[in-house]
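Structure file run_17.txt; described as compact mmCIF, C-alpha atoms.
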```
# COMPACT_ATOMS: atom_id res chain seq x y z
CA MET A 1 -91.27 25.61 -51.40
CA SER A 2 -89.40 28.48 -52.91
CA THR A 3 -85.85 28.35 -54.21
CA PHE A 4 -84.74 30.58 -51.35
CA GLN A 5 -86.16 28.19 -48.75
CA ILE A 6 -84.50 25.22 -50.43
CA ALA A 7 -81.20 27.06 -50.39
CA LEU A 8 -81.57 27.82 -46.68
CA LEU A 9 -82.38 24.17 -45.96
CA LEU A 10 -79.35 22.96 -47.88
CA LEU A 11 -77.20 25.51 -46.10
CA GLY A 12 -78.44 24.29 -42.72
CA VAL A 13 -77.75 20.66 -43.64
CA VAL A 14 -74.23 21.56 -44.73
CA ALA A 15 -73.63 23.49 -41.52
CA PHE A 16 -74.91 20.58 -39.44
CA ILE A 17 -72.67 18.11 -41.27
CA ALA A 18 -69.71 20.46 -40.77
CA LEU A 19 -70.40 20.70 -37.05
CA VAL A 20 -70.67 16.91 -36.70
CA ALA A 21 -67.45 16.42 -38.67
CA GLN A 22 -65.69 19.00 -36.54
CA GLY A 23 -66.84 17.24 -33.38
CA ILE A 24 -65.61 13.87 -34.64
CA TRP A 25 -62.29 15.39 -35.69
CA ALA A 26 -61.86 17.13 -32.34
CA SER A 27 -62.72 13.93 -30.48
CA ARG A 28 -60.15 11.94 -32.40
CA ARG A 29 -57.61 14.71 -32.07
CA ASN A 30 -57.96 14.71 -28.29
CA GLN A 31 -57.99 10.92 -27.98
CA PRO A 32 -54.83 9.73 -26.22
CA ARG A 33 -52.44 7.75 -28.37
CA GLN A 34 -52.80 4.02 -27.78
CA ALA A 35 -50.27 1.21 -27.66
CA ASP A 36 -49.82 -0.60 -30.96
CA PRO A 37 -50.89 -4.24 -30.40
CA SER A 38 -49.09 -5.28 -33.60
CA LEU A 39 -45.72 -4.32 -32.11
CA ARG A 40 -44.05 -6.97 -30.02
CA ALA A 41 -42.08 -5.83 -26.99
CA GLN A 42 -38.38 -5.64 -27.75
CA PRO A 43 -35.87 -7.27 -25.38
CA LYS A 44 -35.01 -5.01 -22.49
CA SER A 45 -31.89 -3.05 -23.38
CA GLN A 46 -31.13 -1.52 -19.96
CA ALA A 47 -31.21 1.80 -21.78
CA MET A 48 -27.81 2.03 -23.40
CA PRO A 49 -25.21 0.22 -21.27
CA PRO A 50 -22.18 2.41 -20.56
CA ASP A 51 -19.83 0.13 -22.48
CA GLY A 52 -21.86 0.42 -25.67
CA SER A 53 -24.36 -1.88 -27.34
CA SER A 54 -24.37 -5.61 -26.80
CA ALA A 55 -24.17 -8.10 -29.63
CA GLU A 56 -27.84 -8.92 -29.16
CA GLN A 57 -28.78 -5.27 -29.46
CA ASP A 58 -26.60 -4.88 -32.55
CA ALA A 59 -28.56 -7.70 -34.15
CA GLN A 60 -31.76 -5.78 -33.58
CA GLY A 61 -30.47 -2.79 -35.50
CA SER A 62 -29.72 0.74 -34.45
CA ALA A 63 -33.25 2.13 -34.59
CA LEU A 64 -33.78 1.82 -30.83
CA ARG A 65 -30.43 3.17 -29.65
CA ARG A 66 -28.66 6.31 -30.77
CA GLU A 67 -25.33 7.19 -29.23
CA PRO A 68 -25.92 10.53 -27.50
CA SER A 69 -23.41 13.35 -27.43
CA TRP A 70 -23.48 16.64 -25.59
CA GLU A 71 -23.17 18.59 -28.84
CA SER A 72 -25.99 16.91 -30.74
CA HIS A 73 -28.87 17.15 -28.29
CA THR A 74 -30.68 19.69 -26.19
CA GLY A 75 -32.80 19.47 -23.06
CA ALA A 76 -32.17 18.50 -19.43
CA GLN A 77 -32.64 19.76 -15.92
CA ALA A 78 -30.16 20.84 -13.31
CA ILE A 79 -29.57 18.93 -10.11
CA GLU A 80 -32.07 19.77 -7.41
CA PRO A 81 -30.45 19.62 -3.97
CA VAL A 82 -32.60 18.10 -1.25
CA GLY A 83 -31.58 20.55 1.43
CA GLU A 84 -29.18 23.45 1.57
CA GLY A 85 -26.19 24.16 -0.64
CA GLN A 86 -23.23 21.83 -0.53
CA ASP A 87 -19.57 22.40 0.23
CA SER A 88 -18.08 21.55 -3.14
CA GLN A 89 -14.66 21.03 -1.57
CA GLY A 90 -15.95 18.59 1.04
CA ARG A 91 -14.39 20.59 3.93
CA ALA A 92 -17.49 21.48 5.95
CA LEU A 93 -17.36 18.61 8.42
CA GLY A 94 -13.63 18.32 8.93
CA TYR A 95 -13.62 14.71 7.78
CA PRO A 96 -10.07 13.37 7.63
CA PRO A 97 -8.81 13.00 4.06
CA GLY A 98 -8.00 9.51 2.92
CA HIS A 99 -10.17 7.98 5.61
CA SER A 100 -10.51 4.24 5.10
CA SER A 101 -13.82 2.91 3.83
CA SER A 102 -13.57 -0.12 6.11
CA HIS A 103 -14.91 0.67 9.59
CA SER A 104 -15.12 -1.39 12.73
CA PRO A 105 -17.01 -0.63 15.95
CA GLY A 106 -13.89 0.50 17.76
CA GLN A 107 -12.50 2.62 14.94
CA ALA A 108 -12.24 6.38 15.26
CA LEU A 109 -14.64 8.26 13.03
CA GLY A 110 -13.41 11.79 13.39
CA GLU A 111 -16.31 14.06 14.24
CA SER A 112 -18.85 12.88 11.77
CA SER A 113 -21.08 10.08 10.73
CA PRO A 114 -23.72 9.49 8.00
CA HIS A 115 -27.37 8.52 7.25
CA PRO A 116 -29.53 5.35 7.38
CA GLY A 117 -30.93 2.59 5.20
CA GLU A 118 -32.85 -0.64 5.44
CA LEU A 119 -31.41 -3.19 7.86
CA GLN A 120 -32.87 -6.58 8.45
CA ALA A 121 -31.67 -9.95 9.62
CA HIS A 122 -32.76 -12.69 7.24
CA PRO A 123 -32.96 -16.39 8.10
CA SER A 124 -31.72 -18.30 5.10
CA GLY A 125 -32.55 -21.89 5.85
CA THR A 126 -31.89 -24.14 2.90
CA GLU A 127 -31.23 -22.63 -0.48
CA GLY A 128 -32.00 -23.84 -3.97
CA GLY A 129 -32.90 -27.38 -2.89
CA GLN A 130 -29.62 -27.93 -1.03
CA GLY A 131 -29.79 -30.14 2.03
CA GLY A 132 -29.66 -28.79 5.57
CA ALA A 133 -28.08 -25.42 6.24
CA ASP A 134 -25.04 -27.10 7.84
CA ASN A 135 -24.33 -28.85 4.52
CA MET A 136 -25.02 -25.82 2.34
CA ASP A 137 -22.94 -25.75 -0.81
CA PHE A 138 -20.03 -23.32 -0.41
CA GLU A 139 -20.91 -21.40 -3.58
CA VAL A 140 -24.47 -20.77 -2.42
CA SER A 141 -23.30 -19.82 1.07
CA GLN A 142 -20.70 -17.44 -0.31
CA THR A 143 -23.30 -15.79 -2.57
CA LEU A 144 -25.59 -15.15 0.38
CA HIS A 145 -22.68 -13.90 2.44
CA ASN A 146 -21.70 -11.39 -0.23
CA HIS A 147 -25.31 -10.15 -0.44
CA ASP A 148 -25.19 -9.59 3.33
CA ARG A 149 -22.45 -7.00 2.82
CA TRP A 150 -25.07 -4.62 1.44
CA LEU A 151 -26.84 -4.84 4.80
CA ALA A 152 -23.77 -4.98 7.04
CA LEU A 153 -23.34 -2.69 10.01
CA ASP A 154 -20.71 0.00 9.49
CA ALA A 155 -19.36 2.26 12.22
CA LEU A 156 -19.33 5.11 9.69
CA ILE A 157 -23.13 5.32 9.68
CA ASP A 158 -24.23 3.16 12.62
CA ALA A 159 -24.03 3.32 16.40
CA ILE A 160 -22.80 -0.18 17.27
CA ALA A 161 -22.96 -2.00 20.59
CA PRO A 162 -20.77 -5.18 20.92
CA ILE A 163 -22.26 -8.14 22.80
CA GLU A 164 -19.86 -10.66 24.36
CA ILE A 165 -21.04 -14.20 25.10
CA GLU A 166 -19.54 -17.31 26.68
CA GLY A 167 -19.30 -20.27 24.34
CA LEU A 168 -21.37 -20.47 21.18
CA VAL A 169 -24.99 -19.55 20.48
CA SER A 170 -26.95 -21.07 17.61
CA ALA A 171 -28.68 -18.92 15.04
CA GLN A 172 -31.99 -20.52 16.05
CA ALA A 173 -31.59 -19.35 19.65
CA ALA A 174 -30.46 -15.88 18.57
CA TRP A 175 -33.32 -15.60 16.11
CA ALA A 176 -35.82 -16.41 18.84
CA ALA A 177 -34.36 -13.60 20.96
CA LEU A 178 -34.69 -10.92 18.27
CA PRO A 179 -37.19 -8.09 18.83
CA PRO A 180 -40.39 -8.29 16.76
CA THR A 181 -39.49 -5.25 14.65
CA ARG A 182 -36.27 -4.29 12.90
CA ARG A 183 -36.75 -0.56 13.33
CA VAL A 184 -36.28 1.86 16.19
CA GLY A 185 -38.47 4.89 15.54
CA THR A 186 -37.60 5.87 11.97
CA LYS A 187 -34.17 4.18 12.01
CA PRO A 188 -33.18 0.65 10.96
CA PHE A 189 -32.05 -1.70 13.73
CA MET A 190 -29.95 -4.81 13.17
CA ILE A 191 -28.26 -7.66 14.99
CA GLU A 192 -25.20 -9.33 13.48
CA GLY A 193 -23.36 -12.45 14.62
CA LEU A 194 -19.68 -13.38 14.41
CA ASN A 195 -19.72 -16.67 12.50
CA ALA A 196 -17.73 -19.16 14.57
CA GLN A 197 -16.62 -21.07 11.48
CA ARG A 198 -15.69 -18.24 9.12
CA GLY A 199 -14.81 -15.60 11.69
CA GLU A 200 -16.82 -12.92 9.88
CA TRP A 201 -19.78 -10.75 10.87
CA GLU A 202 -23.05 -11.56 9.11
CA SER A 203 -26.81 -11.30 9.42
CA LEU A 204 -28.17 -14.21 11.42
CA ARG A 205 -28.41 -17.34 9.29
CA MET A 206 -30.14 -20.53 10.34
CA GLY A 207 -27.82 -23.47 10.93
CA GLN A 208 -24.84 -21.32 11.95
CA GLN A 209 -23.06 -20.90 15.29
CA TYR A 210 -21.97 -17.52 16.63
CA SER A 211 -19.25 -16.58 19.12
CA ALA A 212 -20.29 -12.93 19.55
CA PHE A 213 -22.97 -10.48 18.48
CA GLN A 214 -23.27 -6.77 17.77
CA ALA A 215 -26.35 -4.56 17.57
CA GLY A 216 -26.57 -1.38 15.56
CA ILE A 217 -28.88 1.54 14.85
CA GLN A 218 -28.44 3.81 11.87
CA LEU A 219 -27.42 7.33 12.82
CA ALA A 220 -29.40 9.16 10.16
CA ASN A 221 -31.46 8.79 7.00
CA ARG A 222 -33.68 10.97 4.85
CA LEU A 223 -36.14 11.17 7.73
CA GLY A 224 -33.56 12.92 9.89
CA ALA A 225 -30.95 12.20 12.53
CA MET A 226 -31.28 9.69 15.36
CA ASN A 227 -32.56 11.37 18.52
CA GLU A 228 -32.24 10.58 22.23
CA ILE A 229 -35.54 8.70 22.38
CA GLU A 230 -34.54 6.42 19.50
CA PHE A 231 -31.15 5.74 21.09
CA SER A 232 -32.83 4.88 24.40
CA GLU A 233 -35.16 2.44 22.63
CA PHE A 234 -32.12 0.96 20.88
CA VAL A 235 -30.48 0.39 24.27
CA MET A 236 -33.57 -1.37 25.63
CA LYS A 237 -33.96 -3.64 22.59
CA THR A 238 -30.29 -4.55 22.58
CA GLN A 239 -30.22 -5.23 26.32
CA ARG A 240 -33.21 -7.57 26.05
CA PHE A 241 -31.49 -9.48 23.25
CA ALA A 242 -28.22 -9.68 25.22
CA ASP A 243 -30.05 -11.01 28.30
CA ALA A 244 -31.81 -13.64 26.19
CA VAL A 245 -28.54 -15.02 24.76
CA GLY A 246 -26.62 -14.70 28.02
CA GLY A 247 -24.36 -11.92 26.84
CA GLU A 248 -22.91 -8.67 28.13
CA VAL A 249 -23.38 -5.55 26.06
CA GLU A 250 -21.37 -2.34 26.04
CA PHE A 251 -22.97 0.91 24.85
CA THR A 252 -21.29 4.06 23.63
CA ASP A 253 -22.19 7.48 25.05
CA MET A 254 -25.66 8.58 23.95
CA LEU A 255 -24.85 12.28 23.57
CA GLN A 256 -21.81 11.45 21.44
CA GLU A 257 -23.82 9.21 19.11
CA VAL A 258 -26.67 11.71 18.82
CA ALA A 259 -24.13 14.40 17.91
CA ARG A 260 -22.64 12.11 15.27
CA GLY A 261 -26.10 11.54 13.86
CA LYS A 262 -26.83 15.26 13.63
CA GLU A 263 -23.52 15.95 11.88
CA LEU A 264 -24.11 13.10 9.46
CA ASP A 265 -27.63 14.29 8.77
CA ALA A 266 -26.34 17.80 8.04
CA PHE A 267 -23.80 16.44 5.57
CA ALA A 268 -26.35 14.20 3.89
CA SER A 269 -28.90 17.02 3.59
CA GLU A 270 -26.36 19.26 1.88
CA HIS A 271 -25.24 16.57 -0.58
CA ASP A 272 -28.49 14.80 -1.36
CA ALA A 273 -29.64 15.42 -4.93
CA GLN A 274 -32.09 14.18 -7.52
CA LEU A 275 -31.80 14.82 -11.23
CA ILE A 276 -35.11 15.31 -13.06
CA PHE A 277 -36.00 15.52 -16.74
CA GLN A 278 -39.56 16.13 -17.90
CA ILE A 279 -41.03 15.08 -21.23
CA LYS A 280 -44.12 16.96 -22.42
CA ALA A 281 -46.44 15.83 -25.20
CA GLN A 282 -46.18 18.09 -28.24
CA ARG A 283 -49.55 17.35 -29.83
CA LEU A 284 -51.54 14.28 -28.83
CA ALA A 285 -51.69 13.05 -25.25
CA TRP A 286 -50.56 9.52 -24.37
CA SER A 287 -52.45 6.65 -22.80
CA PRO A 288 -50.80 4.59 -20.02
CA GLY A 289 -50.45 1.66 -22.40
CA PHE A 290 -48.69 3.85 -24.97
CA VAL A 291 -46.23 5.09 -22.31
CA GLN A 292 -45.59 1.59 -21.00
CA GLN A 293 -44.99 0.19 -24.47
CA HIS A 294 -42.38 2.79 -25.40
CA ALA A 295 -40.73 2.78 -21.99
CA GLY A 296 -40.58 -1.02 -22.02
CA VAL A 297 -38.45 -0.94 -25.18
CA LEU A 298 -35.84 0.98 -23.18
CA GLY A 299 -35.75 -1.47 -20.30
CA PHE A 300 -38.36 -0.03 -17.94
CA VAL A 301 -40.51 -2.39 -15.92
CA ALA A 302 -43.58 -1.67 -13.81
CA GLY A 303 -42.84 -0.34 -10.33
CA VAL A 304 -44.73 -1.03 -7.12
CA ILE A 305 -46.48 2.36 -7.18
CA PRO A 306 -49.14 2.95 -9.88
CA GLY A 307 -47.86 5.32 -12.52
CA ARG A 308 -44.22 4.47 -11.87
CA MET A 309 -41.74 2.43 -13.92
CA VAL A 310 -38.08 1.74 -13.25
CA ILE A 311 -34.94 0.52 -14.96
CA PRO A 312 -33.73 -2.18 -12.54
CA ALA A 313 -30.19 -2.25 -11.21
CA GLN A 314 -27.69 -4.43 -13.00
CA THR A 315 -26.85 -6.14 -9.69
CA HIS A 316 -29.39 -8.13 -7.71
CA GLY A 317 -30.99 -6.16 -4.90
CA GLY A 318 -29.68 -2.79 -6.03
CA PRO A 319 -31.80 0.36 -6.30
CA PRO A 320 -33.31 1.32 -9.68
CA ILE A 321 -31.01 3.14 -12.07
CA LEU A 322 -33.78 5.41 -13.35
CA GLY A 323 -37.39 6.05 -12.47
CA LEU A 324 -40.20 7.14 -14.81
CA SER A 325 -43.46 8.45 -13.39
CA PHE A 326 -46.76 9.83 -14.64
CA ASP A 327 -50.14 10.67 -13.16
CA PRO A 328 -51.10 7.69 -10.93
CA GLN A 329 -54.80 8.49 -11.44
CA ALA A 330 -54.36 7.69 -15.12
CA ALA A 331 -52.93 4.28 -14.26
CA LEU A 332 -55.75 3.56 -11.78
CA ALA A 333 -58.60 4.71 -14.06
CA ASP A 334 -61.43 2.29 -14.81
CA ASP A 335 -60.64 2.70 -18.49
CA PRO A 336 -56.89 3.51 -18.74
CA SER A 337 -57.10 3.71 -22.52
CA SER A 338 -59.13 6.91 -22.20
CA SER A 339 -56.78 8.50 -19.66
CA ALA A 340 -54.72 11.34 -21.11
CA ILE A 341 -51.10 11.77 -20.06
CA ARG A 342 -49.24 14.85 -21.21
CA LEU A 343 -46.23 14.83 -18.88
CA LEU A 344 -43.60 12.24 -17.88
CA SER A 345 -40.87 12.68 -15.28
CA LEU A 346 -37.52 10.89 -15.44
CA THR A 347 -35.73 10.78 -12.10
CA LEU A 348 -32.20 9.84 -11.07
CA ASP A 349 -31.57 9.43 -7.34
CA VAL A 350 -27.93 10.50 -7.53
CA PRO A 351 -26.48 9.02 -4.28
CA GLN A 352 -28.12 5.66 -4.98
CA VAL A 353 -26.48 4.94 -8.36
CA GLU A 354 -22.80 4.27 -8.97
CA SER A 355 -20.98 6.79 -11.11
CA SER A 356 -19.51 3.91 -13.14
CA ASP A 357 -23.02 3.26 -14.48
CA GLU A 358 -22.85 6.64 -16.24
CA PRO A 359 -26.36 7.46 -15.06
CA LEU A 360 -26.47 10.96 -16.59
CA ARG A 361 -25.54 9.71 -20.06
CA ARG A 362 -27.99 6.85 -19.72
CA MET A 363 -30.74 9.20 -18.54
CA TRP A 364 -30.18 11.61 -21.39
CA PHE A 365 -30.27 8.77 -23.89
CA VAL A 366 -33.58 7.53 -22.47
CA ALA A 367 -35.07 11.04 -22.54
CA GLN A 368 -34.06 11.53 -26.16
CA GLU A 369 -35.45 8.15 -27.22
CA LEU A 370 -38.77 8.73 -25.49
CA ALA A 371 -39.08 12.29 -26.80
CA GLN A 372 -38.48 11.14 -30.37
CA SER A 373 -40.66 8.02 -30.36
CA MET A 374 -43.53 9.64 -28.43
CA GLU A 375 -43.35 13.11 -30.02
CA GLY A 376 -42.43 14.94 -26.85
CA THR A 377 -40.20 17.76 -25.72
CA ILE A 378 -37.61 17.56 -22.92
CA THR A 379 -37.90 20.42 -20.43
CA ASP A 380 -37.01 21.37 -16.90
CA ASP A 381 -39.60 21.60 -14.15
CA GLN A 382 -40.39 25.18 -15.20
CA GLY A 383 -41.23 24.14 -18.76
CA TYR A 384 -38.06 25.53 -20.35
CA VAL A 385 -36.24 23.49 -22.98
CA LEU A 386 -32.64 23.15 -21.89
CA THR A 387 -29.56 23.36 -24.07
CA SER A 388 -26.45 21.24 -24.45
CA ASN A 389 -24.61 23.86 -22.37
CA ALA A 390 -26.94 23.07 -19.47
CA LEU A 391 -26.10 19.38 -19.83
CA ALA A 392 -22.39 20.14 -19.61
CA ASN A 393 -23.00 22.18 -16.45
CA ILE A 394 -25.04 19.36 -14.95
CA GLU A 395 -22.24 16.92 -15.67
CA GLN A 396 -19.73 19.13 -13.88
CA ASP A 397 -22.05 19.49 -10.87
CA LEU A 398 -22.54 15.74 -10.81
CA LEU A 399 -18.80 15.02 -10.89
CA ALA A 400 -18.25 17.49 -8.04
CA LEU A 401 -20.95 15.80 -5.98
CA TYR A 402 -19.46 12.36 -6.65
CA ALA A 403 -16.06 13.63 -5.49
CA VAL A 404 -17.42 15.03 -2.22
CA LEU A 405 -19.32 11.84 -1.43
CA SER A 406 -16.25 9.72 -2.16
CA SER A 407 -14.14 11.91 0.12
CA ARG A 408 -16.46 10.89 2.98
CA ASP A 409 -16.34 7.17 2.07
CA LEU A 410 -19.93 7.54 0.88
CA ALA A 411 -19.39 7.02 -2.84
CA ALA A 412 -22.64 7.09 -4.81
CA GLY A 413 -24.08 3.59 -5.06
CA SER A 414 -22.01 2.21 -2.19
CA PRO A 415 -23.80 0.27 0.58
CA GLN A 416 -23.18 3.12 3.02
CA ALA A 417 -24.55 5.79 0.65
CA ARG A 418 -27.57 3.68 -0.29
CA ARG A 419 -28.48 3.25 3.34
CA LEU A 420 -27.75 6.84 4.33
CA PHE A 421 -29.78 8.35 1.47
CA SER A 422 -32.80 6.12 1.96
```
So, in terms of structure tokens, how does the structure I just supplied come out?
Amino acid sequence: MSTFQIALLLLGVVAFIALVAQGIWASRRNQPRQADPSLRAQPKSQAMPPDGSSAEQDAQGSALRREPSWESHTGAQAIEPVGEGQDSQGRALGYPPGHSSSHSPGQALGESSPHPGELQAHPSGTEGGQGGADNMDFEVSQTLHNHDRWLALDALIDAIAPIEIEGLVSAQAAWAALPPTRRVGTKPFMIEGLNAQRGEWESLRMGQQYSAFQAGIQLANRLGAMNEIEFSEFVMKTQRFADAVGGEVEFTDMLQEVARGKELDAFASEHDAQLIFQIKAQRLAWSPGFVQQHAGVLGFVAGVIPGRMVIPAQTHGGPPILGLSFDPQAALADDPSSSAIRLLSLTLDVPQVESSDEPLRRMWFVAQELAQSMEGTITDDQGYVLTSNALANIEQDLLALYAVLSSRDLAAGSPQARRLFS
């Protein structure tokens, strides 16, 4: 074999080795980043509480929580209205200023009314090992009663029909008379009883006695306004319940209630908004485990839907403060570790979260922490990196929206707003 042939052979071997090395390097380069099994999950921090860091968090050091400021960071996305533009002065519907947030079935509502939420009557039975419901500890009973307020009927957003009865009716008898479903079309339906002992309206609770009832249907929600067919079905369901408990029911005018629902739906559509940040991978993609590990440090927990995580509300039963989502197919893959994720979405459902929770500041903090720890970039939905000036504009828009909602007794995070924007 000549020297020339040997040289060609060596050159081919070198080229082959180079190609193999390049393939290995490219494979590793494109491999999604994996969760580090040596890192233990940190205690959930609820992603920077508004009042600063807790003593427990201080003991863990400052590595996981940096105080954000508008001047020191960049990147965010403007509010995206779900519907048409809003009246920033809150004048569109002629709602009376200073209108009380406490509404009863017979109270005047001006010309407007809001959206729907989830209404259900819940039998409580015994609680926490207490004896019979009649002997329920006052503290437990009061806790359940306060939770009911989140589900209570409100003439601001519900069409309510009072039901008069003679004497008292037990919760057991009323429960047996309830319709099989707690919805009328796309709207929540609910029956409340006037507790004979406390003199307050509440969802039906086993072991209690009631001196009157009221039925309600939500006037509107994110699926639209109540229509004539839904109101007619509401009348039929309520009448059957009233007949079963020996009561007489009084209904309001259908056309008036439908008109209230349409007005409320128009207001809600104009003032419904979601705030969205996106985080894009700069170099390497992420695996689902890698995302979950880093999000878990900031207080996220797995949601019901694959590819979704949430920061739970600070109060029991409240809506999530923030949502984080990624490709659900990656979460459902046979081998999630090989699934590549290059985009995360942070979402704030504005009407669902109280302004006192400082959701924008919390959301920006979370976005910055994730972008730094996961080597990502914060962008809007068009892929543009946003500046601190954009954040300031978003804050002003958010404050204006909060003010308009409050002027209609639909403050963000309130029971009425949560039900209306649901």
Residue neighbourhood Asn195 in chain A, 9 Å, all atoms listed in the file, exclusion window fewer than 3 positions, as a PyMOL selection string: chain A and resi 198-202+204+208-212
Kindly provide, as a ChimeraX atom specification, the polymer residues lying within 8 Å of (-21.3, 1.7, 22.1), counting only C-alpha atoms and using the coordinates exactly as they appear in the file. /A:105,159-162,250-253
Work out how far CA of Glu192 in chain A is from CA of Glu233 in chain A, in Å to one decimal.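 Answer for the CA of Glu233 in chain A to CA of Glu192 in chain A separation: 17.9 Å.
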Using all atoms listed in the file, which residues sit within 9 Å of Ser414 in chain A once same-chain residues fewer than 6 positions away are excluded, as a list in words?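 Counting only the stated atoms, we get Trp150, Pro351, Gln352, Val353 and Glu354 of chain A.
The gap separating CA of Asp397 in chain A from CA of Leu370 in chain A is 24.7 Å, in Å to one decimal.
Non-sequential neighbours of Val184 in chain A (distance at most 10 Å, separation of 5 or more positions within a chain, only C-alpha atoms) are Phe189, Met190, Ile217, Gln218, Met226, Ile229, Glu230, Phe231, Ser232, Glu233, Phe234 and Lys237 of chain A.
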Point-to-point distance in Å for CA of Ile305 in chain A and CA of Pro180 in chain A: 26.9 Å
Please return, as a PyMOL selection string, all polymer residues that have at least one atom within 9 Å of the point (-52.8, 9.9, -19.9); use only C-alpha atoms and the file's own coordinate frame. chain A and resi 32-33+285-291+326-327+329-331+336-343
Return as AutoDock Vina command-line options the centre and edge lengths, in Å with one decimal, of the box along x, y and z that encloses every atom of range 370-388 of chain A in the file, padded by 4 Å per side.
```
--center_x -35.0 --center_y 16.8 --center_z -22.3 --size_x 25.1 --size_y 25.5 --size_z 24.2
```
Using only C-alpha atoms: which of A:Lys187, A:Asp265, A:Ile163, A:Ala174 has the shortest distance to Met206 in chain A: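 Of the candidates, the smallest distance to Met206 in chain A is held by A:Ala174.
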Counting all atoms listed in the file, the residue of A:Gly413, A:Asn221, A:Leu332, A:Gly247 that sits nearest Gly317 in chain A: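 Among the listed residues, A:Gly413 lies closest to Gly317 in chain A.
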